[in-house]
Structures are given as C-alpha cells and as structure tokens.
>>> print(open('coords16.cif').read())   # mmCIF, C-alpha atoms
data_upload
loop_
_atom_site.label_atom_id
_atom_site.label_comp_id
_atom_site.auth_asym_id
_atom_site.auth_seq_id
_atom_site.Cartn_x
_atom_site.Cartn_y
_atom_site.Cartn_z
CA MET A 1 90.64 97.75 98.63
CA ILE A 2 91.88 94.32 97.56
CA GLU A 3 89.40 92.38 95.39
CA THR A 4 89.61 88.59 95.26
CA ASP A 5 87.50 85.48 94.92
CA ILE A 6 88.72 83.87 98.13
CA ALA A 7 90.23 85.58 101.15
CA ILE A 8 92.34 83.07 103.08
CA ILE A 9 93.15 84.03 106.66
CA GLY A 10 96.45 82.35 107.45
CA ALA A 11 99.35 81.51 105.15
CA GLY A 12 100.43 78.27 106.80
CA PRO A 13 100.71 74.98 104.90
CA VAL A 14 96.96 74.40 104.73
CA GLY A 15 96.22 77.96 103.58
CA LEU A 16 98.91 77.59 100.91
CA PHE A 17 97.52 74.29 99.66
CA ALA A 18 94.05 75.88 99.49
CA ILE A 19 95.46 78.24 96.82
CA PHE A 20 96.29 75.22 94.69
CA GLU A 21 92.96 73.44 95.17
CA THR A 22 90.90 76.56 94.47
CA GLY A 23 93.27 77.56 91.67
CA LEU A 24 92.39 74.34 89.82
CA LEU A 25 88.83 75.69 89.87
CA LYS A 26 89.97 79.06 88.50
CA LEU A 27 89.41 80.91 91.75
CA ARG A 28 91.88 83.64 92.75
CA CYS A 29 93.14 83.88 96.35
CA HIS A 30 94.44 86.61 98.61
CA LEU A 31 96.09 85.51 101.86
CA ILE A 32 96.47 87.55 105.03
CA ASP A 33 98.85 86.54 107.82
CA TYR A 34 99.98 88.30 110.98
CA LEU A 35 103.46 86.83 110.61
CA PRO A 36 105.89 88.59 108.30
CA GLN A 37 106.24 85.58 105.97
CA ALA A 38 104.36 82.55 104.60
CA GLY A 39 104.56 79.15 106.26
CA GLY A 40 102.86 79.66 109.63
CA GLN A 41 104.45 77.79 112.51
CA LEU A 42 106.54 75.67 110.14
CA SER A 43 108.57 78.71 109.08
CA GLU A 44 108.26 80.63 112.34
CA ILE A 45 108.93 77.90 114.90
CA TYR A 46 110.55 74.86 113.37
CA PRO A 47 111.81 75.57 109.83
CA LYS A 48 114.65 73.05 110.08
CA LYS A 49 112.70 70.18 111.63
CA PRO A 50 111.87 67.16 109.49
CA ILE A 51 108.20 66.15 109.07
CA TYR A 52 107.58 62.45 108.55
CA ASP A 53 103.85 62.18 107.85
CA ILE A 54 103.37 64.03 104.59
CA PRO A 55 102.13 61.42 102.10
CA GLY A 56 104.78 60.63 99.52
CA TYR A 57 107.61 62.21 101.51
CA PRO A 58 109.40 59.83 103.90
CA SER A 59 110.90 63.00 105.37
CA VAL A 60 110.62 66.65 104.40
CA GLY A 61 112.02 69.74 106.10
CA ALA A 62 109.32 72.10 107.38
CA GLN A 63 110.62 75.07 105.38
CA GLU A 64 111.18 72.84 102.36
CA LEU A 65 107.51 71.84 102.49
CA VAL A 66 106.47 75.49 102.66
CA ASP A 67 108.73 76.37 99.72
CA ASN A 68 107.24 73.49 97.72
CA LEU A 69 103.69 74.56 98.55
CA LEU A 70 104.47 78.11 97.39
CA LYS A 71 105.93 76.71 94.17
CA GLN A 72 102.88 74.51 93.68
CA ALA A 73 100.57 77.53 94.19
CA ALA A 74 102.61 79.90 91.99
CA PRO A 75 100.72 79.20 88.70
CA PHE A 76 97.61 80.65 90.33
CA HIS A 77 99.29 83.96 91.25
CA PRO A 78 98.12 84.38 94.83
CA THR A 79 98.60 87.73 96.52
CA PHE A 80 99.56 88.26 100.16
CA THR A 81 99.24 90.76 102.99
CA PHE A 82 101.78 90.00 105.72
CA GLY A 83 102.19 91.46 109.20
CA GLU A 84 98.50 92.32 109.47
CA ARG A 85 95.77 90.70 111.51
CA ILE A 86 92.17 90.52 110.35
CA GLU A 87 90.10 92.40 112.91
CA THR A 88 86.63 92.40 111.38
CA LEU A 89 84.71 90.12 109.04
CA THR A 90 81.47 91.53 107.64
CA LYS A 91 79.02 89.66 105.48
CA ASN A 92 77.39 92.24 103.20
CA GLY A 93 75.31 89.60 101.43
CA GLU A 94 75.79 86.23 99.74
CA ARG A 95 79.19 86.04 97.99
CA ASN A 96 80.06 89.43 99.41
CA PHE A 97 82.40 89.73 102.39
CA THR A 98 84.58 92.56 103.66
CA LEU A 99 87.57 91.93 105.88
CA THR A 100 89.57 94.65 107.61
CA THR A 101 93.01 94.34 109.15
CA HIS A 102 94.30 96.06 112.28
CA LEU A 103 96.21 98.46 110.03
CA GLY A 104 93.12 99.34 108.00
CA THR A 105 93.73 97.25 104.86
CA THR A 106 90.43 96.00 103.45
CA VAL A 107 89.85 92.86 101.42
CA HIS A 108 86.66 92.22 99.48
CA ALA A 109 85.95 88.54 98.74
CA LYS A 110 83.23 86.15 97.63
CA VAL A 111 84.34 83.45 100.07
CA VAL A 112 86.34 83.53 103.30
CA VAL A 113 88.53 80.62 104.34
CA ILE A 114 89.91 80.65 107.85
CA ALA A 115 93.14 78.66 107.87
CA GLY A 116 94.48 80.33 110.96
CA GLY A 117 96.19 77.33 112.55
CA LEU A 118 96.49 77.84 116.27
CA GLY A 119 95.40 81.45 115.89
CA CYS A 120 97.36 84.65 115.50
CA PHE A 121 100.91 84.49 116.67
CA GLU A 122 100.82 87.38 119.08
CA PRO A 123 104.09 88.70 120.48
CA ARG A 124 104.74 87.98 124.14
CA LYS A 125 104.83 91.34 125.87
CA PRO A 126 107.14 92.05 128.79
CA GLU A 127 105.81 93.82 131.85
CA VAL A 128 106.91 97.37 131.12
CA VAL A 129 105.05 100.36 132.51
CA GLY A 130 103.39 102.41 129.73
CA LEU A 131 104.28 100.02 126.91
CA GLU A 132 100.87 99.93 125.22
CA LYS A 133 100.70 103.72 124.97
CA PHE A 134 103.42 103.66 122.33
CA GLU A 135 102.23 100.72 120.23
CA ARG A 136 100.79 101.22 116.74
CA GLY A 137 103.43 103.40 115.15
CA LYS A 138 104.43 105.40 118.19
CA GLY A 139 107.76 103.71 118.80
CA VAL A 140 107.05 100.29 120.30
CA THR A 141 106.92 97.40 117.84
CA TYR A 142 107.12 93.65 118.33
CA MET A 143 108.33 92.59 114.92
CA VAL A 144 110.57 94.08 112.27
CA LEU A 145 108.74 94.25 108.96
CA ASP A 146 110.71 97.01 107.28
CA PRO A 147 114.24 97.55 108.67
CA GLU A 148 114.46 100.88 106.80
CA LYS A 149 111.99 102.36 109.29
CA PHE A 150 114.80 102.26 111.84
CA ARG A 151 117.33 104.14 109.73
CA ASP A 152 119.16 106.75 111.82
CA LYS A 153 116.97 106.00 114.85
CA LYS A 154 117.94 105.22 118.40
CA VAL A 155 116.73 101.65 118.78
CA VAL A 156 116.46 99.61 121.97
CA ILE A 157 115.94 95.87 121.54
CA ALA A 158 114.92 93.71 124.51
CA GLY A 159 115.35 89.95 124.62
CA GLY A 160 117.96 87.23 124.70
CA GLY A 161 116.97 84.80 121.95
CA ASP A 162 118.08 84.42 118.37
CA SER A 163 115.76 87.06 116.98
CA ALA A 164 116.86 89.70 119.53
CA LEU A 165 120.51 89.07 118.66
CA ASP A 166 119.97 88.78 114.91
CA TRP A 167 117.99 92.01 114.66
CA SER A 168 120.51 93.84 116.87
CA ILE A 169 123.27 92.74 114.49
CA PHE A 170 121.25 93.62 111.38
CA LEU A 171 120.07 97.01 112.61
CA SER A 172 123.53 98.01 113.88
CA ASP A 173 124.31 98.97 110.26
CA ILE A 174 121.11 100.92 109.72
CA ALA A 175 120.13 102.56 113.01
CA LYS A 176 121.93 105.48 114.60
CA GLU A 177 122.30 103.56 117.84
CA VAL A 178 121.39 99.99 118.86
CA THR A 179 121.08 98.98 122.50
CA LEU A 180 120.42 95.34 123.32
CA VAL A 181 118.91 94.79 126.77
CA HIS A 182 119.10 91.26 128.15
CA ARG A 183 118.11 90.10 131.62
CA SER A 184 120.93 87.54 132.05
CA GLU A 185 124.71 87.63 132.14
CA SER A 186 125.11 85.55 128.99
CA PHE A 187 123.28 84.45 125.84
CA ARG A 188 122.18 80.97 124.86
CA ALA A 189 121.30 81.81 121.29
CA ALA A 190 123.16 80.43 118.25
CA PRO A 191 126.92 80.75 119.00
CA HIS A 192 127.60 82.51 115.69
CA SER A 193 125.07 85.25 116.52
CA VAL A 194 126.37 85.60 120.08
CA ASN A 195 129.98 85.98 118.87
CA GLN A 196 129.03 88.51 116.24
CA ALA A 197 126.98 90.58 118.69
CA GLN A 198 129.84 90.58 121.18
CA LYS A 199 132.26 91.64 118.46
CA LEU A 200 129.98 94.51 117.44
CA ALA A 201 129.65 95.46 121.11
CA ALA A 202 133.44 95.58 121.45
CA GLU A 203 133.56 97.83 118.38
CA GLY A 204 130.96 100.12 119.93
CA LYS A 205 128.32 99.36 117.29
CA ILE A 206 125.96 97.67 119.74
CA ASN A 207 125.44 98.91 123.25
CA LEU A 208 125.07 95.68 125.22
CA LEU A 209 123.27 95.93 128.56
CA LEU A 210 123.34 92.61 130.46
CA ASN A 211 121.53 91.79 133.72
CA CYS A 212 119.05 94.47 132.74
CA ASN A 213 115.30 94.83 132.25
CA ILE A 214 113.29 97.60 130.64
CA GLN A 215 111.20 99.05 133.43
CA GLU A 216 109.25 101.97 132.01
CA VAL A 217 108.76 103.87 128.76
CA PHE A 218 108.31 107.65 128.48
CA GLY A 219 107.28 110.20 125.88
CA SER A 220 104.49 112.58 124.94
CA ASP A 221 103.09 111.56 121.52
CA LYS A 222 105.91 109.22 120.63
CA LEU A 223 108.41 107.16 122.54
CA GLU A 224 111.27 109.33 123.77
CA GLN A 225 112.96 107.50 126.63
CA VAL A 226 113.16 104.12 128.33
CA SER A 227 114.27 103.37 131.87
CA ILE A 228 116.46 100.33 132.35
CA ASN A 229 116.97 98.52 135.60
CA ASN A 230 120.30 96.78 136.19
CA THR A 231 119.31 93.97 138.51
CA LYS A 232 122.89 93.14 139.48
CA LEU A 233 123.91 96.67 140.47
CA ASN A 234 120.37 97.64 141.47
CA GLU A 235 120.71 100.77 139.37
CA LEU A 236 118.07 102.52 137.29
CA VAL A 237 119.13 104.53 134.23
CA LYS A 238 117.13 106.43 131.65
CA MET A 239 118.17 106.57 128.03
CA ASP A 240 116.85 108.24 124.87
CA ALA A 241 115.08 105.92 122.43
CA ASP A 242 113.04 106.41 119.26
CA ASN A 243 112.09 102.76 119.08
CA LEU A 244 111.73 99.86 121.46
CA ILE A 245 111.54 96.35 120.01
CA PRO A 246 110.74 93.71 122.66
CA LEU A 247 111.50 90.28 121.14
CA PHE A 248 110.28 87.57 123.51
CA GLY A 249 108.84 85.11 121.05
CA LEU A 250 105.28 84.59 119.88
CA SER A 251 102.31 82.90 121.42
CA PRO A 252 99.18 81.88 119.46
CA LYS A 253 95.84 83.41 120.39
CA LEU A 254 92.46 82.91 118.72
CA GLY A 255 92.14 86.70 118.61
CA PRO A 256 89.30 88.49 116.81
CA ILE A 257 88.08 85.28 115.07
CA GLY A 258 86.13 84.60 118.26
CA GLU A 259 84.03 87.73 117.71
CA TRP A 260 82.71 87.10 114.21
CA GLY A 261 79.60 85.13 115.11
CA LEU A 262 81.15 81.74 114.35
CA ASN A 263 80.36 78.72 116.49
CA ILE A 264 83.47 78.26 118.63
CA ASP A 265 84.39 75.30 120.80
CA LYS A 266 87.53 75.51 122.93
CA ASN A 267 89.33 78.05 120.76
CA ALA A 268 88.47 76.23 117.52
CA VAL A 269 85.82 76.86 114.85
CA GLU A 270 83.08 74.25 114.53
CA VAL A 271 82.62 72.99 110.98
CA ASN A 272 80.44 70.66 108.95
CA THR A 273 82.68 67.81 107.76
CA ASP A 274 80.79 67.59 104.46
CA ASP A 275 82.74 70.58 103.22
CA TYR A 276 84.35 72.27 106.26
CA SER A 277 81.86 75.11 106.11
CA THR A 278 81.08 77.07 109.27
CA ASN A 279 77.71 78.26 110.53
CA ILE A 280 78.08 81.34 108.30
CA PRO A 281 77.42 80.36 104.64
CA GLY A 282 80.44 81.33 102.54
CA VAL A 283 82.88 81.09 105.46
CA TYR A 284 84.97 77.93 105.77
CA ALA A 285 87.53 76.83 108.36
CA ILE A 286 90.30 74.36 107.52
CA GLY A 287 93.40 73.01 109.27
CA ASP A 288 94.22 73.27 112.96
CA ILE A 289 91.75 76.14 113.54
CA ASN A 290 88.67 73.95 113.05
CA THR A 291 87.15 71.25 115.21
CA TYR A 292 84.85 68.30 114.58
CA LYS A 293 84.39 64.80 115.91
CA ASN A 294 87.64 62.83 115.70
CA LYS A 295 89.58 65.89 114.48
CA LEU A 296 93.30 65.25 114.06
CA LYS A 297 95.55 68.28 113.93
CA LEU A 298 97.71 67.00 111.11
CA ILE A 299 98.86 68.85 108.00
CA LEU A 300 97.66 65.99 105.81
CA CYS A 301 94.13 66.30 107.25
CA GLY A 302 94.23 70.03 106.50
CA PHE A 303 95.12 69.26 102.88
CA HIS A 304 92.08 67.01 102.56
CA GLU A 305 89.90 69.68 104.15
CA ALA A 306 91.24 72.25 101.64
CA ALA A 307 90.20 70.06 98.69
CA LEU A 308 86.63 69.57 99.94
CA MET A 309 86.35 73.23 100.87
CA ALA A 310 87.46 74.27 97.37
CA HIS A 311 84.72 72.35 95.60
CA SER A 312 82.06 73.58 98.01
CA ALA A 313 83.31 77.17 97.64
CA TYR A 314 83.13 76.84 93.85
CA LYS A 315 79.49 75.75 94.09
CA TYR A 316 78.73 78.57 96.52
CA ILE A 317 80.26 81.15 94.17
CA ASN A 318 78.69 79.60 91.04
CA PRO A 319 75.34 78.19 92.19
CA ASP A 320 74.07 77.74 88.64
CA VAL A 321 77.12 76.08 87.11
CA LYS A 322 77.37 72.31 86.94
CA TYR A 323 80.95 71.30 87.60
CA THR A 324 82.57 67.95 87.02
CA MET A 325 85.81 67.27 88.85
CA LYS A 326 88.85 66.85 86.63
CA TYR A 327 92.10 65.12 87.56
CA THR A 328 95.37 67.02 87.19
CA THR A 329 96.76 63.95 85.43
CA VAL A 330 94.17 64.56 82.70
CA SER A 331 93.85 68.32 82.49
CA GLY A 332 97.20 69.40 83.98
CA VAL A 333 97.70 72.59 85.95
CA ASN A 334 96.48 75.53 83.93
CA GLU A 335 98.00 78.84 84.96
CA PHE A 336 95.67 81.81 85.08
CA MET B 1 103.32 50.11 138.14
CA ALA B 2 102.92 53.13 140.40
CA ASP B 3 101.32 56.34 139.29
CA ILE B 4 103.00 59.70 139.45
CA SER B 5 101.48 62.22 141.81
CA ILE B 6 101.13 65.57 140.06
CA GLN B 7 100.15 68.66 142.02
CA VAL B 8 99.23 71.69 139.92
CA ILE B 9 98.82 75.25 141.15
CA ASN B 10 97.04 77.39 138.63
CA ARG B 11 95.73 80.91 139.32
CA GLY B 12 95.83 80.20 143.04
CA GLU B 13 93.88 76.95 142.75
CA GLU B 14 95.39 73.60 143.54
CA ALA B 15 94.60 70.26 141.92
CA ILE B 16 96.09 66.81 142.45
CA PHE B 17 96.27 64.11 139.80
CA ASP B 18 97.61 60.62 139.46
CA ALA B 19 99.27 60.22 136.10
CA PRO B 20 100.35 56.98 134.45
CA ASN B 21 104.07 56.48 134.07
CA ASP B 22 103.88 54.01 131.20
CA MET B 23 102.15 55.93 128.43
CA GLY B 24 105.11 57.90 127.14
CA LEU B 25 103.45 61.20 128.03
CA SER B 26 105.23 64.45 128.72
CA LEU B 27 103.98 66.73 131.48
CA MET B 28 102.91 69.20 128.76
CA GLU B 29 100.70 66.58 127.11
CA PHE B 30 99.22 65.64 130.47
CA LEU B 31 98.44 69.28 131.34
CA LYS B 32 96.90 69.88 127.91
CA ALA B 33 94.76 66.77 128.31
CA ASN B 34 93.52 68.26 131.57
CA GLU B 35 92.67 71.49 129.76
CA TYR B 36 95.04 73.94 131.37
CA GLU B 37 94.59 76.59 128.73
CA GLN B 38 97.86 78.48 129.32
CA ILE B 39 99.74 75.33 128.36
CA GLU B 40 99.63 75.63 124.60
CA GLY B 41 102.39 73.28 123.47
CA THR B 42 102.42 75.03 120.11
CA CYS B 43 105.42 73.17 118.73
CA GLY B 44 104.09 69.82 119.87
CA GLY B 45 106.85 69.13 122.36
CA MET B 46 110.08 69.91 120.52
CA ALA B 47 111.33 72.52 123.04
CA LEU B 48 110.97 75.16 120.36
CA CYS B 49 108.26 77.56 121.46
CA ALA B 50 108.20 78.00 125.27
CA SER B 51 104.40 77.81 125.34
CA CYS B 52 104.40 75.12 128.04
CA HIS B 53 106.42 76.98 130.65
CA VAL B 54 105.91 75.84 134.28
CA ARG B 55 107.65 76.46 137.60
CA VAL B 56 108.71 73.29 139.38
CA LEU B 57 108.13 73.82 143.11
CA GLU B 58 108.91 70.32 144.37
CA VAL B 59 110.00 67.15 142.64
CA SER B 60 111.10 63.70 143.63
CA PRO B 61 113.48 62.34 142.56
CA PRO B 62 115.21 65.46 141.17
CA LEU B 63 114.86 66.14 137.45
CA ASP B 64 117.77 65.97 135.04
CA GLU B 65 119.43 69.27 134.23
CA GLN B 66 117.86 71.22 131.36
CA SER B 67 119.31 70.59 127.92
CA ASP B 68 120.95 73.49 126.08
CA ASP B 69 117.92 73.60 123.76
CA GLU B 70 115.53 73.97 126.68
CA LEU B 71 117.65 76.69 128.29
CA ALA B 72 117.91 78.56 125.00
CA ILE B 73 114.15 78.60 124.52
CA LEU B 74 113.44 79.55 128.15
CA GLU B 75 115.77 82.46 127.55
CA THR B 76 113.31 83.93 125.03
CA LEU B 77 110.54 84.38 127.62
CA PRO B 78 109.96 87.81 129.16
CA ILE B 79 110.10 86.37 132.69
CA VAL B 80 111.85 83.20 133.84
CA TYR B 81 112.56 81.88 137.30
CA ASP B 82 115.28 79.68 138.77
CA ASN B 83 112.79 76.80 138.75
CA SER B 84 111.40 77.42 135.26
CA ARG B 85 111.08 74.40 133.00
CA LEU B 86 109.39 73.50 129.74
CA SER B 87 106.80 70.92 130.68
CA CYS B 88 107.24 69.18 127.31
CA GLN B 89 110.72 68.18 128.43
CA ILE B 90 109.52 66.54 131.66
CA LYS B 91 108.75 62.93 130.87
CA LEU B 92 106.15 61.05 132.91
CA ASN B 93 108.05 57.80 133.25
CA THR B 94 109.25 55.48 135.99
CA GLY B 95 112.02 57.96 136.84
CA LEU B 96 109.46 60.32 138.39
CA GLU B 97 107.41 59.79 141.56
CA ARG B 98 106.01 63.15 142.59
CA ILE B 99 106.04 66.66 141.18
CA LYS B 100 104.45 69.94 142.26
CA ILE B 101 104.29 72.69 139.69
CA GLU B 102 102.84 76.14 139.24
CA ILE B 103 101.60 77.46 135.90
CA PRO B 104 102.83 81.05 135.54
CA GLU B 105 100.45 83.71 134.25
CA LEU B 106 102.68 84.91 131.42
#
>>> encode(input="coords16.cif", output="structure tokens")
Amino acid sequence: MIETDIAIIGAGPVGLFAIFETGLLKLRCHLIDYLPQAGGQLSEIYPKKPIYDIPGYPSVGAQELVDNLLKQAAPFHPTFTFGERIETLTKNGERNFTLTTHLGTTVHAKVVVIAGGLGCFEPRKPEVVGLEKFERGKGVTYMVLDPEKFRDKKVVIAGGGDSALDWSIFLSDIAKEVTLVHRSESFRAAPHSVNQAQKLAAEGKINLLLNCNIQEVFGSDKLEQVSINNTKLNELVKMDADNLIPLFGLSPKLGPIGEWGLNIDKNAVEVNTDDYSTNIPGVYAIGDINTYKNKLKLILCGFHEAALMAHSAYKYINPDVKYTMKYTTVSGVNEF
Amino acid sequence: MADISIQVINRGEEAIFDAPNDMGLSLMEFLKANEYEQIEGTCGGMALCASCHVRVLEVSPPLDEQSDDELAILETLPIVYDNSRLSCQIKLNTGLERIKIEIPEL
C-alpha cells in the first residue's frame, strides 16, 4: 500500500504543477497515470510541438514544458505509478481515501485530485476474434512497459505507425522472433524507422508481413497462436506467438471516473470554482477533466486551478491550522 | 456568403447542417460543436491523434489530397477506408460547397 497526503490521478502538466503548489504547503504527492510516462498528451501526442500560451514563455516545446514541470516539482519528491489505471475510489471517512488500480496497486491518501485531462488514454483495439481472452498478462498487451518481459519470446506486433515500427526494431534484439503485421503495402512512419525496419527484415531479424491483418488469436490459458490474413493473396496462415502487441494509437475515455459518485456533465467532472472541489468533500478535479461555467481547456487555467485546489486541500487536511499564504519570492522553495 | 451543406451519417442516423464558411472552422470543430461524441479531436486539430476520423462519401468540389502527416496518422488506425480523412484537416471555407460524411464506429 502506498501512503501519501495527496493522490493525483493523471501526470499531465496540471497534475505535475499540482505537486509544486501542494509541495509549497508541505504536502506529499503520489501520481498515478495509465500512460507509461509523465506528461499526459503533451508527451504522448505532441512532444515536439511548440505551445504559445504559457505565461512568460513566448514559445515552449511541449516536452520541454513537461521536463521543466518535473524539475520544478523535484524538490518535493513526488512518487509515481505508471501504466496503471485507477479503477476504484473509496472514501473510508474524512481525510481517508483508498484508490485501487486495475493491476491491484492500492494508494491511501488524505485528498484525491483528479487531473485526468481528457480521461484515460485507452489503446485502440483492432477487431480480432478472441483478443480480450488473452489480455491481462495472458499474452496480449497494448503497450510495452518492460521490454525484458519479451526476452526470448515469439512476439507479433500489429500496426503501421511509428510506435509499431520502433518497438519492432527495439524488440528484435531481445525477443526470440519479431513479426510485424501491417495492413498496407508500405509504411508512412518516420523514414529512419522505416529504413531500419526494412534493413532488419532483410537480415531476417524482423519478419515483415505486409497487406496483412490479424484475424484470430488462439490458446488455452495463454496466447499460443495467431491467424493472419493476407488480403492481397487472400491467404490465411497460422503462426506461433507468445505475445501479441497491437499498436494502433490511443484514444481518451473517461473510464472508471464516471462510476465514483461524482457529478458528471458530458464526460467532465463538475466542480465548485471557489476551490475546484467536487461534490465529494476531499476530492478535487483540475485541468481538462473538470467543467464549470466559462471553462477554458487551457494549461494555464489548469495551473490556476491547481493553486486554488492546493490551499483548499491544505485546509481540508488541517482544519484546525490557520495558514497564511507565503510568496516563493519571500520564503523560497523549501525541499522536504 | 453561402453556407456549406454538411450531411452527417452517424450510427445509421442522418442529419443535415448549414455551416458558415467564414469562421475559420475545421470540420472536426464543427462536429464537436454539434456534440458528435466519437469526434474527440484530442490533439486540437494538429493531425496528430486520429480521433476525428470520418469517411467522406460525397464532396463538392473535391478535397485536396491528404498531406503526408494526415496519411501517416490515418495509418495508425486499426481500420481505414479509401475515403478516410481526418476531419480536422477539412477546412470549412469558401473552397467547399457540400460534403457528406459518415462517422465510423471505431
């Protein structure tokens, strides 16, 4: 069980800035994100794009902003759980919440802050017969968290984008066998990745199957075989596989947040703009996940929301303490 | 100024709209404003996420060819069709008169 003052669901820019704002108030944070890294959609979707509306930065790269936010939060020693989605949120009493992830990790916190952006980035799943039977550790996975898990395995990767190519290249050194299944004749991913994959295919290190789709998956307890349909030759072949990794991008879904008793309006959490608290005392929602009159889904608005949330959360955790706000220009940033 | 006629087929239901051609909107923004929930537009319209995928059934005059960026992102979807487009890359301007699209389930 992870013990913390504040559990922050979502490690995007607003969640990261919440570490800083609550850290100034000597509150410790643990962040949980379904993605394998911090940064939310900035790191996952547009790391190289410039952002022009962060106050004080005429232009800042999305990943650069995330790196800066992590650096800014570092003195407060946040901890992270990546690649896991919060399934349940239970209020045991005031200042006493338990959160559980889909992999069974539990977090115990005094305050919960939902900074989930557009929701959980769920993998897009192809239409393959039997796919779900082998999810959750039985051979089918939609993201690579630990490449070592594929050592000496027969791995089939499906997809035609950058991540499908990049993981095929990376795993070709680790896995026993890598097969890349792509529905078209050619790739439109980054030319460097395409060239490298084709070179590895020529050397026999990647088995490249073009004009092909995965049709069905087979096995008893674990994945054992996949059937692959060549749409050009109209031929169906079966091959042995320990792992299947479909990589067709991610799509945000509100997910389990909708089942926690929060007031929801059109896939967003309703909040009180006094402090961005929700209808459950001790649970706050900041950034793109919340909604209120005149809401603007801007990072800078999320930063403001994080600051107000932090002071309200402090009062909620310490109802008997009188706190006076201090400026960082006066008191500095005190690591703890 | 003439409006653009937009015909949308979604889950078997058909709707017809008149959209302004002078507001600098993309088709994705227009569909989101009309609350088509499958059109997410996660990246805000940068052709980076493929969450505004539509099938263009009819269009007049014809659209420009897809950019390499649009084709590359469409490539990441599990299912694409010959008439697949990212609606964020379809601009509602004076170059467009009429378009009929279908919102795919996936």
>>> residues_near_point(input="coords16.cif", point="(111.9, 77.2, 143.5)", cutoff="9 Å", atoms="only C-alpha atoms", output="list in words")
Arg55, Val56, Leu57, Glu58, Tyr81, Asp82, Asn83 and Ser84 of chain B
>>> resolve_selection(input="coords16.cif", expression="the PyMOL selection byres ((chain A) within 8 of (chain B))", output="PyMOL selection string")
chain A and resi 41+45-46+118+124-127+159-161+187-189+247-252
>>> closest_atom_pairs(input="coords16.cif", of="region 198-267 of chain A", to="region 93-101 of chain A", cutoff="12 Å", atoms="all atoms listed in the file", output="Markdown table")
| residue | atom | partner | partner_atom | distance |
| --- | --- | --- | --- | --- |
| A:Pro256 | CA | A:Thr101 | CA | 10.3 |
| A:Ile257 | CA | A:Leu99 | CA | 11.4 |
| A:Trp260 | CA | A:Leu99 | CA | 10.8 |
>>> residues_near_point(input="coords16.cif", point="(101.1, 71.1, 138.4)", cutoff="12 Å", atoms="only C-alpha atoms", output="compact mmCIF listing (two decimals) with C-alpha atoms, keeping the file's coordinate frame")
# COMPACT_ATOMS: atom_id res chain seq x y z
CA ILE B 4 103.00 59.70 139.45
CA SER B 5 101.48 62.22 141.81
CA ILE B 6 101.13 65.57 140.06
CA GLN B 7 100.15 68.66 142.02
CA VAL B 8 99.23 71.69 139.92
CA ILE B 9 98.82 75.25 141.15
CA ASN B 10 97.04 77.39 138.63
CA ARG B 11 95.73 80.91 139.32
CA GLY B 12 95.83 80.20 143.04
CA GLU B 13 93.88 76.95 142.75
CA GLU B 14 95.39 73.60 143.54
CA ALA B 15 94.60 70.26 141.92
CA ILE B 16 96.09 66.81 142.45
CA PHE B 17 96.27 64.11 139.80
CA ASP B 18 97.61 60.62 139.46
CA ALA B 19 99.27 60.22 136.10
CA LEU B 27 103.98 66.73 131.48
CA MET B 28 102.91 69.20 128.76
CA PHE B 30 99.22 65.64 130.47
CA LEU B 31 98.44 69.28 131.34
CA LYS B 32 96.90 69.88 127.91
CA ASN B 34 93.52 68.26 131.57
CA TYR B 36 95.04 73.94 131.37
CA ILE B 39 99.74 75.33 128.36
CA CYS B 52 104.40 75.12 128.04
CA HIS B 53 106.42 76.98 130.65
CA VAL B 54 105.91 75.84 134.28
CA ARG B 55 107.65 76.46 137.60
CA VAL B 56 108.71 73.29 139.38
CA LEU B 57 108.13 73.82 143.11
CA GLU B 58 108.91 70.32 144.37
CA VAL B 59 110.00 67.15 142.64
CA ARG B 85 111.08 74.40 133.00
CA SER B 87 106.80 70.92 130.68
CA ILE B 90 109.52 66.54 131.66
CA ARG B 98 106.01 63.15 142.59
CA ILE B 99 106.04 66.66 141.18
CA LYS B 100 104.45 69.94 142.26
CA ILE B 101 104.29 72.69 139.69
CA GLU B 102 102.84 76.14 139.24
CA ILE B 103 101.60 77.46 135.90
CA PRO B 104 102.83 81.05 135.54
>>> resolve_selection(input="coords16.cif", expression="the PyMOL selection byres ((chain A and resi 306) around 7)", output="list of chain:residue names")
A:Val14, A:Phe17, A:Ala18, A:Glu21, A:Ile286, A:Gly302, A:Phe303, A:His304, A:Glu305, A:Ala307, A:Leu308, A:Met309, A:Ala310
>>> decode(input="coords16.cif", residues="region 63-99 of chain B", atoms="C-alpha atoms", output="tab-separated table (two decimals), in the first residue's frame")
chain	number	residue	atom	x	y	z
B	63	LEU	CA	-10.95	17.97	-51.48
B	64	ASP	CA	-7.22	18.44	-51.76
B	65	GLU	CA	-5.12	15.31	-51.44
B	66	GLN	CA	-4.19	14.33	-47.88
B	67	SER	CA	-0.89	15.67	-46.59
B	68	ASP	CA	1.83	13.18	-45.64
B	69	ASP	CA	1.14	13.98	-41.98
B	70	GLU	CA	-2.54	13.13	-42.34
B	71	LEU	CA	-1.77	9.88	-44.18
B	72	ALA	CA	0.80	8.90	-41.55
B	73	ILE	CA	-1.67	9.37	-38.72
B	74	LEU	CA	-4.52	7.60	-40.55
B	75	GLU	CA	-2.10	4.71	-40.92
B	76	THR	CA	-2.10	4.21	-37.14
B	77	LEU	CA	-5.83	3.39	-37.01
B	78	PRO	CA	-6.95	-0.24	-36.81
B	79	ILE	CA	-9.34	0.23	-39.76
B	80	VAL	CA	-9.11	2.80	-42.55
B	81	TYR	CA	-11.02	3.11	-45.79
B	82	ASP	CA	-10.19	4.57	-49.19
B	83	ASN	CA	-12.31	7.59	-48.27
B	84	SER	CA	-10.96	8.03	-44.73
B	85	ARG	CA	-9.99	11.55	-43.71
B	86	LEU	CA	-9.16	13.42	-40.54
B	87	SER	CA	-11.96	15.92	-40.14
B	88	CYS	CA	-9.56	18.41	-38.51
B	89	GLN	CA	-7.83	18.73	-41.87
B	90	ILE	CA	-11.02	19.61	-43.76
B	91	LYS	CA	-11.42	23.36	-43.63
B	92	LEU	CA	-14.89	24.91	-43.82
B	93	ASN	CA	-14.03	27.76	-46.16
B	94	THR	CA	-15.19	29.16	-49.48
B	95	GLY	CA	-13.46	26.28	-51.28
B	96	LEU	CA	-16.15	23.87	-50.05
B	97	GLU	CA	-19.83	23.77	-51.05
B	98	ARG	CA	-21.22	20.43	-49.98
B	99	ILE	CA	-19.92	17.41	-48.11
